[in-house]
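Asker: First, the structure itself, so that you have it in front of you.
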Amino acid sequence: MKPNHNPSIANSVSVAVAKPLLLLLSLFTTVYLLITPGPTLLTSSLSPYHSLFLSLSSNSSASSHLRHLTRLPHLSSSDADSLAASYVLSSFPFPSHSTSYSVLLSFPLHRSLSLLSPSSPPFHFSLTQVPSPSDPSSSVFSLTVPTFHAYARTASVTAPLTYAYYGRVEDFQLLLSLGINVTGTVVLARYGMIYRGDIVKNAQDAGATGVLVYSDYEDYAKGEAFPAGPYLPETGVQVGSTFRAIGDPVTPGWSCRAEEEECERVDKEEVVRQGSMPAIPSLPVSGKDGEELHKAIGGQAAPDDWQGREEAPLYRLGPGPGVINLTYIGNETLRTIQNVFAVIEGREEPDRYVLLGNHRDAWTFGAVDPNSGTAALLELSERLYKLQKKGWKPRRTIILCNWDAEEYGLIGSTEWVEENREMLTSRAVAYLNVDSAVYGPGFYVSATPQIDPLLIEASKMVRDPDNSSQTLYDSWISSGSSPPIGRLGGGGSDFAAFVQHIGVPSIDMSFGEGYPVYHSIYDDYLWMEKFGDPMFHRHVAAASIWGLVALRLADDEILPFDYISYASELKSSAKVIQEEAAGCPISFSSLYKSIEDLKRAAVKIGKEKQALERKFLGLSLRKDQSKLRELNDRLMMAERAFTDRDGLSGREWYKHLIYGPSQNNDYGSKSYPGIDDAIDAAKKSNTTEAWRFVQHEIYRAARAVKQASLVLNGGLT
């Protein structure tokens with residue numbers, strides 16, 4: 001396939017003259033900086049190697065990697081997953097290694113679901129996804145694990161059905177207000193809106209004895225089903241984990257290497273008692289089975305917005321009269337998982353790390369989730385190797401990370417971060433995550449705010465894969481006045497341990513936001529080839545923006561972090577949460593004061609950066625390396641200051657006081673999560689003590705922001 005070239009001077013130059021041109025452009029860069037008055041772009045942003053990187057893309061390479069990675073279903077710790085790990089290890093063109101951990105994973109031993117009726121024989125659901133004979137992956141479908149919820153409770157229940165929409169807290173509150181008591185029933189809920197583990201927990205808290213989560217046609221089958229179209233077939237099931245924490249369930253906060261003979265582990269039942277694992281059984285079911293179950297539910301009609309497609313039966317709330325027999329037997333067992341790494345050692349600062357990460361394990365074939373990201377990572381690594389052959393070597397060390405067991409609860413990345421916590425805390429510059437690189441069209445990115453300006457600059461250098469006449473930036477802002485950069489409070493991917501546990505500046509990016517065959521057997525190479533990215537241009541663009549940001553962070557003499565934008569973000573977020581507590585007996589003045597301190601510190605360090613740029617003028621012989629190092633350390637370490645060793649109340653693993661997951665939706669992102677949790681609790685109890693605790697959380701956040709100011713200022717008080 002023809003590569004998607006980015007227009008630049010280096011693109012039209014043959015390999016034979018590339019190196020001389022690099023030297024010429026380097027000289028031009030120095031002269032330009034000498035004659036340009038005032039502050040300029042960070043000097044290394046003009047590196048000709050970065051333009052050359054963009055020109056070395058390969059659609060066929062990304063396609064080839066994806067085809068190989070998706071030949072077999074490769075659930076974490078399976079033989080096929082080990083083969084995929086070996087493929088990644090051998091595909092990295094740099095020194096590489098693997099690290100293994102012993103963790104608790106979950107597998108299904110037995111599942112059954114029957115609909116009982118006094119007037120007719122029991123109806124037994126097959127709980128089987130049906131592959132298309134025209135899909136090449138169908139030949140190995142028998143190797144997939146049966147549909148299940150990881151860590152679901154082993155139990156057998158017989159109870160009437162109740163419908164609870166998406167199973168959110170507000171959905172159960174509405175049922176209660178309508179006089180619907182779900183206690184002792186099996187809850188039927190649609191997948192979507194919130195994390196499936198939170199659906200199960202909300203149902204459990206409401207008194208349900210079991211949960212069935214189905215993929216409603218209205219959400220996932222709005223057109224032709226795969227393989228004729230991109231939508232989920234009627235038997236498609238979206239499997240997944242129900243673990244409501246991060247990392248290995250039985251080693252919370254520490255790791256156990258696979259080769260360790262003895263390791264401390266907590267009892268699984270203690271994890272259940274703490275609420276991280278469900279205490280009731282659950283199963284995922286198809287849209288077809290979901291409609292059949294709806295037919296068995298009577299009682300009052302569900303609200304209009306709770307209804308399904310036009311052809312669907314009228315959705316009612318129950319309970320009953322249909323009775324369900326649900327049996328699930330699971331096997332939670334210690335298994336070995338394997339992370340794979342490649343290291344490109346830095347020339348000037350080898351002890352400063354820019355980390356790029358993607359996970360490898362998949363519930364089934366994983367063409368979108370996650371191996372579109374793995375293919376992009378391998379294509380990116382090939383480009384970096386070509387740069388190295390032409391003389392490039394990064395200023396700082398680049399580490400390419402390929403995680404295992406992400407699907408179970410971000411386990412591989414979290415175990416590694418927990419094991420290397422102190423080293424990463426002192427040395428990690430940034431973590432750049434790509435989980436599923438390609439869902440479809442449109443560029444989406446979330447980041448900690450100091451990286452926003454770098455993302456905007458990089459997006460102006462990469463062509464939109466769906467409209468080559470403009471850049472990603474042009475397309476990005478076409479629907480609004482500013483780039484829609486999200487934040488990293490949710491726990492949906494491997495950035496969580498880096499941001500929320502140890503405070504490393506981070507990014508998460510993708511093309512597209514979601515896709516109908518998520519976590520089903522239909523997420524395979526054919527789906528990607530026909531619907532996700534037929535020409536693999538989006539894979540190439542993902543590798544381009546990912547690699548360009550990494551190069552800037554690894555090569556720029558002064559780290560391209562801007563904390564002025566961070567201060568602005570904190571102020572706007574504080575106003576939002578203050579409105580949630582309007583009229584309540586608390587004060588946000590300490591938080592606003594600390595934000596103003598942060599803004600002043602950000603302006604001050606920004607001026608220091610500009611002064612150094614003028615002084616250096618691109619001439620390495622005149623540079624004060626100790627001053628440069630000290631300035632960069634302040635820029636790097638400020639994010640750490642937003643963490644608190646005590647963590648969020650009741651969720652101590654989450655240390656970041658600015659960004660964290662919603663208490664009732666692990667996928668949801670919250671600013672000031674500790675304050676938000678406390679306000680929610682205080683509104684329910686409305687006691688003096690509860691509002692005093694809200695004030696305490698405000699003070700905690702204010703102190704964290706103040707610490708970040710002190711780090712940026714770089715002096716003792």
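Scheme for the structure tokens: letters A, B, ... for chains in order shown; per-chain residue numbers from 1; ligand numbers from 1 in order shown.
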Can you list, as a ChimeraX atom specification, all residues belonging to stretch 155-329 of chain A that DSSP tags as strand (DSSP E or B)?
Answerer: /A:155-163,186-190,192,194,210-214,225,231,240-241,257,282-285,297,301,316,321,323-329
Asker: How would you write, as an NGL selection string, the set of residues in stretch 281-360 of chain A that DSSP gives as alpha helix (DSSP H)?
Answerer: :A and (287-295)
Asker: Mind dumping a table of every stretch 52-151 of chain A residue within 8 Å of stretch 313-326 of chain A, with the nearest atom pair and its distance in Å to one decimal, using only C-alpha atoms, sorted by chain and rising number, as JSON lines?
Answerer:
```
{"residue": "A:Arg111", "atom": "CA", "partner": "A:Leu326", "partner_atom": "CA", "distance": 7.8}
{"residue": "A:Ser112", "atom": "CA", "partner": "A:Leu326", "partner_atom": "CA", "distance": 6.0}
{"residue": "A:Leu113", "atom": "CA", "partner": "A:Leu326", "partner_atom": "CA", "distance": 4.8}
{"residue": "A:Ser114", "atom": "CA", "partner": "A:Asn325", "partner_atom": "CA", "distance": 5.2}
{"residue": "A:Leu115", "atom": "CA", "partner": "A:Ile324", "partner_atom": "CA", "distance": 4.8}
{"residue": "A:Leu116", "atom": "CA", "partner": "A:Val323", "partner_atom": "CA", "distance": 5.2}
{"residue": "A:Ser117", "atom": "CA", "partner": "A:Gly322", "partner_atom": "CA", "distance": 6.5}
```
Asker: Suppose you want the space between atom CA of A:His537 and atom CA of A:Ser510; what is it in Å?
Answerer: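 Atom-to-atom, atom CA of A:His537 to atom CA of A:Ser510, that is 13.0 Å.
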Asker: Just checking: using only C-alpha atoms, which residue out of A:Pro118, A:Pro108, A:Pro93, A:Gly192 ends up closest to A:Ile329?
Answerer: A:Pro108
Asker: Taking 4 positions as the minimum chain separation for residues in the same chain, which residues sit within 12 Å of A:Asp452 when counting only C-alpha atoms? Answer as a list of chain:residue names.
Answerer: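 What passes the distance filter is A:Val445, A:Ser446, A:Ala447, A:Thr448, A:Ile456, A:Glu457, A:Ala458, A:Ser459, A:Ser482, A:Pro483, A:Pro484, A:Ile485, A:Gly486, A:Arg487, A:Pro505, A:Ser506, A:Ile507, A:Asp508, A:Val549, A:Pro560, A:Phe561, A:Asp562, A:Tyr563, A:Ile564, A:Ser565, A:Tyr566, A:Ser568, A:Glu569.
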Asker: Need the shell around A:Arg190: protein/DNA/RNA residues with any atom at most 8 Å away, counting only C-alpha atoms. Skip same-chain ones fewer than 4 positions apart. Format as a PyMOL selection string?
Answerer: chain A and resi 164-167+213-216
Asker: What does the distance between atom CA of A:His124 and atom CA of A:Ala312 come to in Å, to one decimal place?
Answerer: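 Atom CA of A:His124 sits 20.6 Å away from atom CA of A:Ala312.
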Asker: Using only C-alpha atoms, which residues sit within 6 Å of A:Val705 once same-chain residues fewer than 3 positions away are excluded, as a list in words?
Answerer: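 Returned residues: Ser594, Ala702 and Ala708 of chain A.
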Asker: Using only C-alpha atoms, which residue out of A:Ala84, A:Leu410, A:Met193, A:Val429 lies closest to A:Ile246?
Answerer: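 Ranked by minimum distance to A:Ile246, first place goes to A:Leu410.
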Asker: Separation of atom CA of A:Glu382 and atom CA of A:Ser76, in Å?
Answerer: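 Interatomic distance, atom CA of A:Glu382 to atom CA of A:Ser76: 25.5 Å.
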Asker: Measuring atom to atom with only C-alpha atoms, identify which of A:Leu54, A:Pro516, A:Asn59, A:Val88 is nearest to A:Met535.
Answerer: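 Looking only at the distances to A:Met535, the closest residue turns out to be A:Asn59.
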Asker: Could you pull the residues within 10 Å of A:Gln338, counting only C-alpha atoms, minus those fewer than 4 positions along the same chain, as a PyMOL selection string?
Answerer: chain A and resi 76-77+81-82+85-86+98-102+258+360-361+402-405+412
Asker: Can you pull out the residues contacting A:Ala543? Cut-off 8 Å, using only C-alpha atoms, and skip same-chain residues under 2 positions away; I want them as JSON, numbers by chain.
Answerer: {"A": [376, 377, 379, 380, 539, 540, 541, 545, 546, 547]}
Asker: Print the selection's residues with N, CA and C atoms to a file, as a short mmCIF file (atom, residue, chain, number, x, y, z; two decimals), in the first residue's frame.
Answerer:
```
data_model
loop_
_atom_site.label_atom_id
_atom_site.label_comp_id
_atom_site.auth_asym_id
_atom_site.auth_seq_id
_atom_site.Cartn_x
_atom_site.Cartn_y
_atom_site.Cartn_z
N ALA A 376 0.32 -0.24 15.71
CA ALA A 376 0.86 1.12 15.59
C ALA A 376 2.17 1.26 16.35
N LEU A 377 2.26 0.63 17.52
CA LEU A 377 3.49 0.69 18.31
C LEU A 377 4.65 0.05 17.56
N GLU A 379 4.89 -0.41 14.28
CA GLU A 379 5.20 0.42 13.10
C GLU A 379 6.01 1.64 13.51
N LEU A 380 5.64 2.23 14.63
CA LEU A 380 6.39 3.37 15.18
C LEU A 380 7.82 2.97 15.52
N HIS A 539 -4.06 3.88 11.22
CA HIS A 539 -2.97 3.28 11.99
C HIS A 539 -1.69 4.10 11.82
N VAL A 540 -1.41 4.48 10.59
CA VAL A 540 -0.20 5.26 10.31
C VAL A 540 -0.26 6.61 11.00
N ALA A 541 -1.42 7.26 10.94
CA ALA A 541 -1.57 8.57 11.59
C ALA A 541 -1.43 8.45 13.10
N ILE A 545 1.37 10.68 15.22
CA ILE A 545 1.15 11.64 16.30
C ILE A 545 1.75 11.13 17.60
N TRP A 546 1.63 9.82 17.83
CA TRP A 546 2.20 9.19 19.02
C TRP A 546 3.72 9.36 19.04
N GLY A 547 4.35 9.02 17.92
CA GLY A 547 5.80 9.11 17.85
C GLY A 547 6.31 10.53 17.88
#
```
Asker: Here is a test: counting only C-alpha atoms, which residue of A:Thr425, A:Val343, A:Ile558, A:Lys627 is nearest to A:Lys609?
Answerer: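 That would be A:Ile558, the residue with the smallest distance to A:Lys609.
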